[in-house]
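One structure is given here, and the rest of the page talks about it.
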Amino acid sequence: MSIAEPTTIGLSEGAHEKLKRLQEERHFRELLDGYRFAIGLALAQGVEPPEVLKRTTIFNVGTVDPDQSLKRSIEALMGDRIRDASIYKMAERLAEWGVNELASQAEAGSIDFAGLLDQAGEREAADT
């Protein structure tokens with residue numbers, strides 16, 4: 001049975017405000033860049049993000065993932081954990097977690113992008 005995928009995705013109102021602030025502070029040129037990075041960060045950290053209970057629509061799925069490479073990445077990395085769920089609903093959950101993590105670092109002074117990449121590399125090395 002195939003799960004119906006949404007045509008739009010977003011964040012909670014609070015995370016959306018944080019994403020806008022990250023863009024205003026020039027951590028990301030576009031909201032979409034920050035959203036995608038947040039998903040990648042959550043995937044790299046191997047988190048099990050909670051549900052986003054009340055969300056605002058921000059992006060069309062076709063804009064976020066025009067070639068479905070994001071969808072394939074989530075399927076490959078999360079596999080059984082999303083067996084009977086929408087991939088793009090999981091993308092929202094991952095983005096929510098990632099945006100909150102990035103905003104927390106920004107509020108503490110600055111986002112350590114190099115450190116985040118190092119952590120992802122360390123996690124990947126530990127998994128192999």
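Chain identifiers are assigned as A, B, and so on, following the order in which chains appear in the structure tokens; residues are numbered from 1 within each chain, and ligands are numbered from 1 in order of appearance.
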
I need the residues in chain A that are helix (DSSP H, G or I) according to DSSP; give them as a compact mmCIF listing (two decimals) with C-alpha atoms, in the first residue's frame.
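The file below, out_3.txt, is the result:
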```txt
# COMPACT_ATOMS: atom_id res chain seq x y z
CA GLU A 13 5.21 28.55 13.79
CA GLY A 14 8.07 28.80 16.28
CA ALA A 15 10.55 26.95 14.08
CA HIS A 16 9.43 28.97 11.06
CA GLU A 17 10.27 32.18 12.95
CA LYS A 18 13.65 30.72 13.89
CA LEU A 19 14.36 29.80 10.26
CA LYS A 20 13.49 33.34 9.18
CA ARG A 21 15.82 34.71 11.85
CA LEU A 22 18.63 32.43 10.63
CA GLN A 23 18.16 33.87 7.15
CA GLU A 24 18.00 37.46 8.42
CA LEU A 31 14.89 29.94 3.68
CA LEU A 32 14.98 26.88 1.44
CA ASP A 33 18.75 26.50 1.97
CA GLY A 34 18.28 26.53 5.73
CA TYR A 35 15.37 24.10 5.54
CA ARG A 36 17.33 21.60 3.46
CA PHE A 37 20.41 21.98 5.66
CA ALA A 38 18.28 21.37 8.75
CA ILE A 39 16.99 18.11 7.26
CA GLY A 40 20.52 17.03 6.39
CA LEU A 41 21.76 17.90 9.88
CA ALA A 42 19.05 15.83 11.52
CA LEU A 43 19.77 12.91 9.19
CA ALA A 44 23.51 13.18 9.87
CA GLN A 45 22.89 13.23 13.62
CA VAL A 61 7.45 19.63 -2.14
CA GLY A 62 8.46 20.09 -5.79
CA THR A 63 10.49 23.16 -4.81
CA VAL A 64 12.25 21.48 -1.90
CA SER A 69 16.97 13.02 -4.10
CA LEU A 70 15.93 14.18 -0.63
CA LYS A 71 13.15 11.60 -0.58
CA ARG A 72 15.56 8.83 -1.62
CA SER A 73 18.08 9.92 1.02
CA ILE A 74 15.51 9.83 3.80
CA GLU A 75 14.30 6.41 2.65
CA ALA A 76 17.86 5.07 2.49
CA LEU A 77 18.98 6.44 5.85
CA MET A 78 15.82 5.90 7.87
CA GLY A 79 14.52 2.74 6.19
CA ASP A 80 12.38 0.73 8.59
CA ARG A 81 11.74 3.68 10.90
CA ILE A 82 9.43 5.20 8.27
CA ILE A 87 8.58 10.52 3.63
CA TYR A 88 7.83 14.23 3.39
CA LYS A 89 6.11 14.27 6.79
CA MET A 90 9.36 12.81 8.11
CA ALA A 91 11.24 15.55 6.23
CA GLU A 92 9.16 18.11 8.15
CA ARG A 93 10.02 16.45 11.44
CA LEU A 94 13.71 16.36 10.54
CA ALA A 95 13.64 20.02 9.45
CA GLU A 96 11.90 21.02 12.68
CA TRP A 97 14.60 19.35 14.76
CA GLY A 98 17.41 20.75 12.62
CA VAL A 99 16.10 24.32 12.62
CA ASN A 100 15.72 24.25 16.39
CA GLU A 101 19.27 22.92 16.78
CA LEU A 102 20.71 25.54 14.43
CA ALA A 103 18.78 28.35 16.14
CA SER A 104 20.02 27.17 19.53
CA GLN A 105 23.63 27.36 18.33
CA ALA A 106 23.06 30.77 16.73
CA GLU A 107 21.56 32.10 19.96
CA PHE A 113 29.27 24.52 10.64
CA ALA A 114 32.71 22.87 10.60
CA GLY A 115 31.97 21.21 13.93
CA LEU A 116 28.62 19.96 12.67
CA LEU A 117 30.30 18.43 9.63
CA ASP A 118 32.96 16.84 11.85
CA GLN A 119 30.24 15.33 14.05
CA ALA A 120 28.51 13.90 10.99
CA GLY A 121 31.79 12.40 9.80
CA GLU A 122 32.49 10.89 13.21
CA ARG A 123 29.02 9.36 13.33
CA GLU A 124 29.44 7.92 9.83
CA ALA A 125 32.83 6.43 10.75
CA ALA A 126 31.34 4.87 13.88
CA ASP A 127 28.53 3.32 11.81
```

Could you go through chain A and tell me which residues DSSP, when run on the backbone, assigns to strand (DSSP E or B), listing them as a list in words?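 Put together, the selection reads Thr8, Ile9, Gly10, Leu11, Ser12, Arg55, Thr56, Thr57, Ile58, Phe59 and Asn60 of chain A.
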
Counting only C-alpha atoms, the residue of A:Ile58, A:Leu53, A:Ala4, A:Glu25 that sits nearest Gly109 of chain A: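 Checking each of A:Ile58, A:Leu53, A:Ala4, A:Glu25 against Gly109 of chain A, counting only C-alpha atoms, the winner is A:Glu25.
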
Separation of atom CA of Thr57 of chain A from atom CA of Arg83 of chain A in Å: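 Rounded to one decimal, the two atoms are 24.0 Å apart.
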
Among the residues A:Leu11, A:Glu5, A:Pro66, A:Phe28, the one that comes closest to Glu51 of chain A [using only C-alpha atoms]: A:Leu11
